[in-house]
Amino acid sequence: MFSKLTGAAMRFIHCADIHLDSPLRGLEFYDGAPAEEMRHATRRAFANVVDLAIDRAADFVLIAGDIFDGDWPDFNTGLYFASQLRRLADADIRVFLIHGNHDAVSKLTRSVPLPRNVFSFPANRPATEVIESLGVAIHGQSFASEAVTSDLSAAYAAPHTGLLNIGILHTALSGREGHQPYAPTTADRLTDKGYDYWALGHVHCREIVRASPWIVFPGNTQGRHARETGAKGCMVVEAEPGVGIHAAEFVPTDVARWHQIGIDIAGLSSDDDLHAAVQAEVRAAQVAAEDRILALRLTLSGRGTLHHTIVSNREAIRAQLAASIGEASAGMAWLEKVRIEVTAPLDLARLAERDDPIGLLIRSLESLQADPGRLKALAESVLCDLGQKLPAELRGSDSAWALDSPEALADALANARERLLAAIAADDTT
C-alpha cells in the first residue's frame, strides 16, 4: 500500500518538456483547424499532470527541464505555472524542478514567486535535497545558459546510503535525433553513479533507456507539431527506500494528438473508395486516441488508377478529404497536411530508357530524387529570389514553402514529378 502516511513507500510523478504556452506550429495555415483549443493545449496538459499527481496521491513531482519555451512575452505564463503549483501545495505535494536549454536561467528575464512546496535546483552547481520522512535524496542541476556542453551529471553527489537516490537531468545522453547534444553523458556513466532512478528531460520521444537502474525520458506532456506523434504524458513511479523502484507507468496527459495516416491507392478504383479508406483509418485513430482532438497528416502513396485524379486536383482532393475526416470524427479530427506520393500507372523503367525528351526528363527527375544535395543546389539557384520574398512565417522548417528544408524540397520535387507523369499518362505516349 503506497501512502504518504507510512513513510515506507512513495509515489512520484516524473514529467519534462512542458513548453508552457509554446505555440502548436502550423495551425494558422489550415482552415478548420481548432486553433483556439490547441493554442492552450500545453496549459491543459500541465493541468492534467497536476490532476494526476493529486488523484494518485503523489508525494512529489519532478520536472526535468524546459518548463517554458523561452522567455515569457508577459507574466501570464509564469502566473499560470505558479497557480498550478499552488494546487499541488494545497494537496501537500512537493515539486522539484530544473531548468533546461529552452528555459535556462540566463534566458528568463521575468519571474514570479513560487509556492514554498517548490525547490528549483541551482544552475551554478549541483545540489541534493533530502526528504527524511520519505527516505529519498534528489540530485540535480539547472542549465545556466542554453548551450551546456559539459556533462553536468559528473559532478552530482555520491548516492546517500540507505535512501532512494534520484537524479534529475536535462540531457540528450550520447545523442538523440532532432535534439541538440546538450549536457552530454552516457547511460553507462549514469548507471555507475549508483542512483536508483534517473529522471531525464530534453528528448520529446518517450524512452525507457534502462530499467536497472531506471533511466527514463518521459517525453513531452503535449505534442507540438506533426513530427511529435502519438501519446504524450508523464511517468508515475512507485518506489521504496532500500528496495528500489517497484513500477514506472506511463500516463498520457495530452489533450490533442498528432497522428499520421497512410493510404495506398493500389486497388482503389474510385473517389468513394478513397474516402471510405480514409474514414476507416480516422475512426481507428480516434479510438486509439480516446477521443482527443486529432491533427492528422495524411500520406497518399502507391500506384493506381486514381493517380491522375489526385495529382491533377490537389486542392479539391484536399478539401474533400478534410470534409470526410470531419464527418468521420464528428469534428474532432482535422487534416493538417496531405502528402501525395502516388505513382502513375506507367512503366517508368522503360520510359527512362527512351532517347527523347521524355526519357531525359524521367532520368533527370530520378537523379534529383536520389541526390538531396543536388536538389538543394538547384533550388537555391532557381528559387533564391522567391525565397527572399516569402514572409518569415512561410520560411519556417514546418512550412511547405521552406525552401531550405530537405523535406519541403523533396515534397516539391515529388509533386512536380507526379504532375508531369500524370500528363504523360493522360497523353498515353507509352
# chains A, B, ... in the order shown; residues from 1 in each chain; ligands from 1

call {"tool": "select_by_dssp", "arguments": {"residues": "region 194-233 of chain A", "states": "strand (DSSP E)", "output": "number ranges by chain"}}
result
A: 197-201, 207-211, 214-217, 233

call {"tool": "residues_around", "arguments": {"residues": "region 121-127 of chain A", "least_positions_apart": "3", "cutoff": "8 Å", "atoms": "only C-alpha atoms", "output": "count of residues only"}}
result
15

call {"tool": "closest_residue", "arguments": {"among": "A:Leu294, A:Leu365, A:Ala239, A:Cys234", "to": "Pro252 (chain A)", "atoms": "only C-alpha atoms"}}
result
A:Cys234

call {"tool": "residues_around", "arguments": {"residues": "region 192-195 of chain A", "least_positions_apart": "3", "cutoff": "6 Å", "atoms": "only C-alpha atoms", "output": "list in words"}}
result
Asn165, Ile166 and Arg189 of chain A

call {"tool": "atom_distance", "arguments": {"atom1": "CA of Ala323 (chain A)", "atom2": "CA of Val278 (chain A)"}}
result
11.0 Å

call {"tool": "select_by_dssp", "arguments": {"residues": "region 245-298 of chain A", "states": "helix (DSSP H, G or I)", "output": "list in words"}}
result
Asp271, Asp272, Asp273, Leu274, His275, Ala276, Ala277, Val278, Gln279, Ala280, Glu281, Val282, Arg283, Ala284, Ala285, Gln286, Val287 and Ala288 of chain A

call {"tool": "write_last_selection", "arguments": {"atoms": "N, CA and C atoms", "output": "PDB file, in the first residue's frame"}}
result
ATOM      1  N   ASP A 271     -13.175   7.638 -56.177  1.00  0.00           N
ATOM      2  CA  ASP A 271     -13.077   8.593 -55.068  1.00  0.00           C
ATOM      3  C   ASP A 271     -13.764   8.050 -53.824  1.00  0.00           C
ATOM      4  N   ASP A 272     -14.905   7.390 -54.010  1.00  0.00           N
ATOM      5  CA  ASP A 272     -15.636   6.837 -52.867  1.00  0.00           C
ATOM      6  C   ASP A 272     -14.788   5.825 -52.115  1.00  0.00           C
ATOM      7  N   ASP A 273     -14.045   5.008 -52.854  1.00  0.00           N
ATOM      8  CA  ASP A 273     -13.156   4.037 -52.209  1.00  0.00           C
ATOM      9  C   ASP A 273     -12.100   4.752 -51.368  1.00  0.00           C
ATOM     10  N   LEU A 274     -11.542   5.836 -51.913  1.00  0.00           N
ATOM     11  CA  LEU A 274     -10.511   6.590 -51.197  1.00  0.00           C
ATOM     12  C   LEU A 274     -11.069   7.175 -49.906  1.00  0.00           C
ATOM     13  N   HIS A 275     -12.217   7.814 -49.991  1.00  0.00           N
ATOM     14  CA  HIS A 275     -12.794   8.442 -48.803  1.00  0.00           C
ATOM     15  C   HIS A 275     -13.183   7.404 -47.759  1.00  0.00           C
ATOM     16  N   ALA A 276     -13.672   6.269 -48.197  1.00  0.00           N
ATOM     17  CA  ALA A 276     -14.034   5.205 -47.252  1.00  0.00           C
ATOM     18  C   ALA A 276     -12.794   4.694 -46.525  1.00  0.00           C
ATOM     19  N   ALA A 277     -11.678   4.536 -47.260  1.00  0.00           N
ATOM     20  CA  ALA A 277     -10.438   4.060 -46.638  1.00  0.00           C
ATOM     21  C   ALA A 277      -9.914   5.067 -45.620  1.00  0.00           C
ATOM     22  N   VAL A 278      -9.965   6.354 -45.960  1.00  0.00           N
ATOM     23  CA  VAL A 278      -9.506   7.390 -45.041  1.00  0.00           C
ATOM     24  C   VAL A 278     -10.379   7.432 -43.797  1.00  0.00           C
ATOM     25  N   GLN A 279     -11.686   7.370 -43.980  1.00  0.00           N
ATOM     26  CA  GLN A 279     -12.584   7.444 -42.833  1.00  0.00           C
ATOM     27  C   GLN A 279     -12.398   6.264 -41.883  1.00  0.00           C
ATOM     28  N   ALA A 280     -12.130   5.094 -42.430  1.00  0.00           N
ATOM     29  CA  ALA A 280     -11.883   3.929 -41.572  1.00  0.00           C
ATOM     30  C   ALA A 280     -10.638   4.133 -40.720  1.00  0.00           C
ATOM     31  N   GLU A 281      -9.589   4.691 -41.321  1.00  0.00           N
ATOM     32  CA  GLU A 281      -8.357   4.968 -40.570  1.00  0.00           C
ATOM     33  C   GLU A 281      -8.585   6.024 -39.498  1.00  0.00           C
ATOM     34  N   VAL A 282      -9.379   7.042 -39.817  1.00  0.00           N
ATOM     35  CA  VAL A 282      -9.663   8.108 -38.858  1.00  0.00           C
ATOM     36  C   VAL A 282     -10.407   7.562 -37.643  1.00  0.00           C
ATOM     37  N   ARG A 283     -11.405   6.728 -37.889  1.00  0.00           N
ATOM     38  CA  ARG A 283     -12.176   6.168 -36.770  1.00  0.00           C
ATOM     39  C   ARG A 283     -11.288   5.307 -35.871  1.00  0.00           C
ATOM     40  N   ALA A 284     -10.389   4.535 -36.482  1.00  0.00           N
ATOM     41  CA  ALA A 284      -9.470   3.714 -35.688  1.00  0.00           C
ATOM     42  C   ALA A 284      -8.526   4.597 -34.873  1.00  0.00           C
ATOM     43  N   ALA A 285      -8.046   5.688 -35.475  1.00  0.00           N
ATOM     44  CA  ALA A 285      -7.152   6.602 -34.756  1.00  0.00           C
ATOM     45  C   ALA A 285      -7.874   7.262 -33.592  1.00  0.00           C
ATOM     46  N   GLN A 286      -9.147   7.602 -33.774  1.00  0.00           N
ATOM     47  CA  GLN A 286      -9.923   8.204 -32.689  1.00  0.00           C
ATOM     48  C   GLN A 286     -10.055   7.269 -31.505  1.00  0.00           C
ATOM     49  N   VAL A 287     -10.304   5.999 -31.785  1.00  0.00           N
ATOM     50  CA  VAL A 287     -10.418   5.024 -30.699  1.00  0.00           C
ATOM     51  C   VAL A 287      -9.102   4.950 -29.933  1.00  0.00           C
ATOM     52  N   ALA A 288      -7.982   4.882 -30.666  1.00  0.00           N
ATOM     53  CA  ALA A 288      -6.670   4.796 -30.025  1.00  0.00           C
ATOM     54  C   ALA A 288      -6.346   6.048 -29.227  1.00  0.00           C
TER      55      ALA A 288
END

call {"tool": "closest_atom_pairs", "arguments": {"of": "region 219-302 of chain A", "to": "region 198-201 of chain A", "cutoff": "10 Å", "atoms": "only C-alpha atoms", "output": "Markdown table"}}
result
| residue | atom | partner | partner_atom | distance |
| --- | --- | --- | --- | --- |
| A:Gly219 | CA | A:Gly201 | CA | 7.2 |
| A:Asn220 | CA | A:Gly201 | CA | 8.2 |
| A:Met235 | CA | A:Ala199 | CA | 9.4 |

call {"tool": "residues_around", "arguments": {"residues": "region 214-216 of chain A", "least_positions_apart": "3", "cutoff": "12 Å", "atoms": "only C-alpha atoms", "output": "count of residues only"}}
result
53

call {"tool": "residues_around", "arguments": {"residues": "Arg363 (chain A)", "least_positions_apart": "5", "cutoff": "9 Å", "atoms": "only C-alpha atoms", "output": "PDB file with N, CA and C atoms, in the first residue's frame"}}
result
ATOM      1  N   LEU A 351      10.251   3.995 -69.810  1.00  0.00           N
ATOM      2  CA  LEU A 351      10.258   5.406 -70.204  1.00  0.00           C
ATOM      3  C   LEU A 351      11.652   6.014 -70.049  1.00  0.00           C
ATOM      4  N   ALA A 352      12.351   5.639 -68.957  1.00  0.00           N
ATOM      5  CA  ALA A 352      13.672   6.211 -68.698  1.00  0.00           C
ATOM      6  C   ALA A 352      14.692   5.801 -69.753  1.00  0.00           C
ATOM      7  N   GLU A 353      14.437   4.708 -70.447  1.00  0.00           N
ATOM      8  CA  GLU A 353      15.377   4.230 -71.472  1.00  0.00           C
ATOM      9  C   GLU A 353      15.183   4.921 -72.819  1.00  0.00           C
ATOM     10  N   ILE A 358      11.179  12.879 -73.177  1.00  0.00           N
ATOM     11  CA  ILE A 358      10.513  12.213 -72.063  1.00  0.00           C
ATOM     12  C   ILE A 358      11.503  11.336 -71.296  1.00  0.00           C
ATOM     13  N   LEU A 368      17.633  13.696 -59.457  1.00  0.00           N
ATOM     14  CA  LEU A 368      17.403  14.687 -58.403  1.00  0.00           C
ATOM     15  C   LEU A 368      16.834  14.041 -57.148  1.00  0.00           C
TER      16      LEU A 368
END

call {"tool": "residues_around", "arguments": {"residues": "Leu20 (chain A)", "least_positions_apart": "3", "cutoff": "10 Å", "atoms": "only C-alpha atoms", "output": "JSON, numbers by chain"}}
result
{"A": [17, 23, 40, 41, 42, 43, 44, 45, 46, 66, 67, 68, 69, 70, 72, 77, 78, 80, 81, 221, 222]}

call {"tool": "closest_residue", "arguments": {"among": "A:Val243, A:Ile265, A:Ala295, A:Leu360", "to": "Ala226 (chain A)", "atoms": "only C-alpha atoms"}}
result
A:Ala295

call {"tool": "closest_atom_pairs", "arguments": {"of": "region 247-275 of chain A", "to": "region 334-339 of chain A", "cutoff": "12 Å", "atoms": "only C-alpha atoms", "output": "CSV"}}
result
residue,atom,partner,partner_atom,distance
A:Ala256,CA,A:Trp334,CA,11.0
A:Arg257,CA,A:Trp334,CA,10.8
A:Trp258,CA,A:Glu336,CA,9.0
A:His259,CA,A:Glu336,CA,9.6
A:Gln260,CA,A:Lys337,CA,9.6
A:Ile261,CA,A:Val338,CA,9.6
A:Gly262,CA,A:Arg339,CA,9.3
A:Ile263,CA,A:Arg339,CA,10.4

call {"tool": "write_last_selection", "arguments": {"atoms": "C-alpha atoms", "output": "CSV table (one decimal), in the first residue's frame"}}
result
chain,number,residue,atom,x,y,z
A,256,ALA,CA,-4.6,17.0,-28.6
A,257,ARG,CA,-2.7,14.3,-30.5
A,258,TRP,CA,-0.8,14.4,-33.8
A,259,HIS,CA,-1.2,11.3,-35.9
A,260,GLN,CA,0.0,10.1,-39.3
A,261,ILE,CA,-2.2,8.1,-41.7
A,262,GLY,CA,-1.0,6.3,-44.8
A,263,ILE,CA,-3.3,5.2,-47.6

call {"tool": "closest_residue", "arguments": {"among": "A:Gly223, A:Gly135, A:Pro218, A:Gly326", "to": "Gly242 (chain A)", "atoms": "only C-alpha atoms"}}
result
A:Gly135

call {"tool": "decode", "arguments": {"residues": "region 58-156 of chain A", "atoms": "C-alpha atoms", "output": "PDB file, in the first residue's frame"}}
result
ATOM      1  CA  ALA A  58       1.842  11.545  -5.223  1.00  0.00           C
ATOM      2  CA  ASP A  59       4.442  12.531  -2.664  1.00  0.00           C
ATOM      3  CA  PHE A  60       6.305  14.789  -5.059  1.00  0.00           C
ATOM      4  CA  VAL A  61       6.608  15.860  -8.690  1.00  0.00           C
ATOM      5  CA  LEU A  62       9.846  16.042 -10.677  1.00  0.00           C
ATOM      6  CA  ILE A  63      10.069  18.408 -13.671  1.00  0.00           C
ATOM      7  CA  ALA A  64      13.191  17.697 -15.735  1.00  0.00           C
ATOM      8  CA  GLY A  65      13.567  20.997 -17.582  1.00  0.00           C
ATOM      9  CA  ASP A  66      12.048  23.062 -20.392  1.00  0.00           C
ATOM     10  CA  ILE A  67       9.054  24.089 -18.337  1.00  0.00           C
ATOM     11  CA  PHE A  68       8.889  27.130 -20.595  1.00  0.00           C
ATOM     12  CA  ASP A  69       9.641  27.528 -24.288  1.00  0.00           C
ATOM     13  CA  GLY A  70      11.830  30.577 -23.698  1.00  0.00           C
ATOM     14  CA  ASP A  71      11.449  33.968 -22.117  1.00  0.00           C
ATOM     15  CA  TRP A  72       7.828  34.887 -21.409  1.00  0.00           C
ATOM     16  CA  PRO A  73       6.184  37.536 -23.611  1.00  0.00           C
ATOM     17  CA  ASP A  74       4.345  38.683 -20.451  1.00  0.00           C
ATOM     18  CA  PHE A  75       3.751  37.474 -16.899  1.00  0.00           C
ATOM     19  CA  ASN A  76       0.694  35.360 -17.694  1.00  0.00           C
ATOM     20  CA  THR A  77       2.765  32.263 -18.426  1.00  0.00           C
ATOM     21  CA  GLY A  78       4.538  32.440 -15.080  1.00  0.00           C
ATOM     22  CA  LEU A  79       1.350  33.242 -13.194  1.00  0.00           C
ATOM     23  CA  TYR A  80      -0.393  30.220 -14.693  1.00  0.00           C
ATOM     24  CA  PHE A  81       2.520  27.960 -13.741  1.00  0.00           C
ATOM     25  CA  ALA A  82       2.523  29.291 -10.176  1.00  0.00           C
ATOM     26  CA  SER A  83      -1.239  28.763  -9.886  1.00  0.00           C
ATOM     27  CA  GLN A  84      -0.882  25.095 -10.808  1.00  0.00           C
ATOM     28  CA  LEU A  85       1.955  24.644  -8.321  1.00  0.00           C
ATOM     29  CA  ARG A  86      -0.277  26.110  -5.606  1.00  0.00           C
ATOM     30  CA  ARG A  87      -2.787  23.356  -6.338  1.00  0.00           C
ATOM     31  CA  LEU A  88      -0.014  20.868  -5.566  1.00  0.00           C
ATOM     32  CA  ALA A  89       0.916  22.776  -2.421  1.00  0.00           C
ATOM     33  CA  ASP A  90      -2.693  22.611  -1.229  1.00  0.00           C
ATOM     34  CA  ALA A  91      -2.506  18.829  -1.668  1.00  0.00           C
ATOM     35  CA  ASP A  92       0.800  18.677   0.285  1.00  0.00           C
ATOM     36  CA  ILE A  93       2.759  17.606  -2.810  1.00  0.00           C
ATOM     37  CA  ARG A  94       6.290  18.904  -3.175  1.00  0.00           C
ATOM     38  CA  VAL A  95       7.849  19.900  -6.532  1.00  0.00           C
ATOM     39  CA  PHE A  96      11.495  19.599  -7.574  1.00  0.00           C
ATOM     40  CA  LEU A  97      12.483  21.174 -10.865  1.00  0.00           C
ATOM     41  CA  ILE A  98      15.416  22.020 -13.072  1.00  0.00           C
ATOM     42  CA  HIS A  99      15.675  24.421 -15.990  1.00  0.00           C
ATOM     43  CA  GLY A 100      16.788  23.147 -19.402  1.00  0.00           C
ATOM     44  CA  ASN A 101      18.050  24.712 -22.603  1.00  0.00           C
ATOM     45  CA  HIS A 102      14.772  26.438 -23.535  1.00  0.00           C
ATOM     46  CA  ASP A 103      14.225  27.978 -20.102  1.00  0.00           C
ATOM     47  CA  ALA A 104      17.841  28.318 -18.971  1.00  0.00           C
ATOM     48  CA  VAL A 105      18.369  30.762 -16.141  1.00  0.00           C
ATOM     49  CA  SER A 106      20.118  33.246 -18.445  1.00  0.00           C
ATOM     50  CA  LYS A 107      17.144  33.274 -20.865  1.00  0.00           C
ATOM     51  CA  LEU A 108      14.398  34.155 -18.384  1.00  0.00           C
ATOM     52  CA  THR A 109      14.150  37.889 -17.698  1.00  0.00           C
ATOM     53  CA  ARG A 110      10.855  37.676 -15.786  1.00  0.00           C
ATOM     54  CA  SER A 111       9.911  35.733 -12.677  1.00  0.00           C
ATOM     55  CA  VAL A 112       7.068  35.297 -10.226  1.00  0.00           C
ATOM     56  CA  PRO A 113       7.247  33.968  -6.662  1.00  0.00           C
ATOM     57  CA  LEU A 114       6.675  30.218  -6.495  1.00  0.00           C
ATOM     58  CA  PRO A 115       4.956  28.428  -3.598  1.00  0.00           C
ATOM     59  CA  ARG A 116       7.056  27.091  -0.733  1.00  0.00           C
ATOM     60  CA  ASN A 117       6.484  23.492  -1.838  1.00  0.00           C
ATOM     61  CA  VAL A 118       8.796  24.111  -4.844  1.00  0.00           C
ATOM     62  CA  PHE A 119      12.546  23.568  -4.916  1.00  0.00           C
ATOM     63  CA  SER A 120      14.389  24.816  -8.003  1.00  0.00           C
ATOM     64  CA  PHE A 121      17.847  23.321  -8.412  1.00  0.00           C
ATOM     65  CA  PRO A 122      20.591  25.935  -8.843  1.00  0.00           C
ATOM     66  CA  ALA A 123      22.431  26.479 -12.120  1.00  0.00           C
ATOM     67  CA  ASN A 124      25.900  27.213 -10.762  1.00  0.00           C
ATOM     68  CA  ARG A 125      26.427  23.834  -9.096  1.00  0.00           C
ATOM     69  CA  PRO A 126      24.693  20.512  -8.468  1.00  0.00           C
ATOM     70  CA  ALA A 127      22.638  20.229  -5.294  1.00  0.00           C
ATOM     71  CA  THR A 128      20.941  17.493  -3.295  1.00  0.00           C
ATOM     72  CA  GLU A 129      17.610  17.701  -1.492  1.00  0.00           C
ATOM     73  CA  VAL A 130      16.842  15.049   1.124  1.00  0.00           C
ATOM     74  CA  ILE A 131      13.309  14.272   2.259  1.00  0.00           C
ATOM     75  CA  GLU A 132      13.907  12.487   5.537  1.00  0.00           C
ATOM     76  CA  SER A 133      10.281  11.471   6.037  1.00  0.00           C
ATOM     77  CA  LEU A 134      10.317   9.563   2.757  1.00  0.00           C
ATOM     78  CA  GLY A 135      13.899   8.342   2.751  1.00  0.00           C
ATOM     79  CA  VAL A 136      14.730   9.921  -0.602  1.00  0.00           C
ATOM     80  CA  ALA A 137      17.595  12.035  -1.923  1.00  0.00           C
ATOM     81  CA  ILE A 138      17.088  14.045  -5.111  1.00  0.00           C
ATOM     82  CA  HIS A 139      20.133  15.315  -7.009  1.00  0.00           C
ATOM     83  CA  GLY A 140      20.051  17.875  -9.817  1.00  0.00           C
ATOM     84  CA  GLN A 141      21.334  20.996 -11.546  1.00  0.00           C
ATOM     85  CA  SER A 142      19.680  23.536 -13.846  1.00  0.00           C
ATOM     86  CA  PHE A 143      21.119  24.957 -17.056  1.00  0.00           C
ATOM     87  CA  ALA A 144      22.815  28.309 -16.557  1.00  0.00           C
ATOM     88  CA  SER A 145      22.752  29.009 -20.302  1.00  0.00           C
ATOM     89  CA  GLU A 146      21.153  27.457 -23.343  1.00  0.00           C
ATOM     90  CA  ALA A 147      24.150  25.569 -24.707  1.00  0.00           C
ATOM     91  CA  VAL A 148      25.550  23.400 -21.917  1.00  0.00           C
ATOM     92  CA  THR A 149      28.249  21.219 -23.442  1.00  0.00           C
ATOM     93  CA  SER A 150      29.703  19.611 -20.309  1.00  0.00           C
ATOM     94  CA  ASP A 151      28.480  16.503 -18.503  1.00  0.00           C
ATOM     95  CA  LEU A 152      26.634  18.029 -15.563  1.00  0.00           C
ATOM     96  CA  SER A 153      25.941  14.643 -14.001  1.00  0.00           C
ATOM     97  CA  ALA A 154      29.672  14.002 -13.443  1.00  0.00           C
ATOM     98  CA  ALA A 155      29.662  16.417 -10.505  1.00  0.00           C
ATOM     99  CA  TYR A 156      26.449  15.128  -8.919  1.00  0.00           C
TER     100      TYR A 156
END
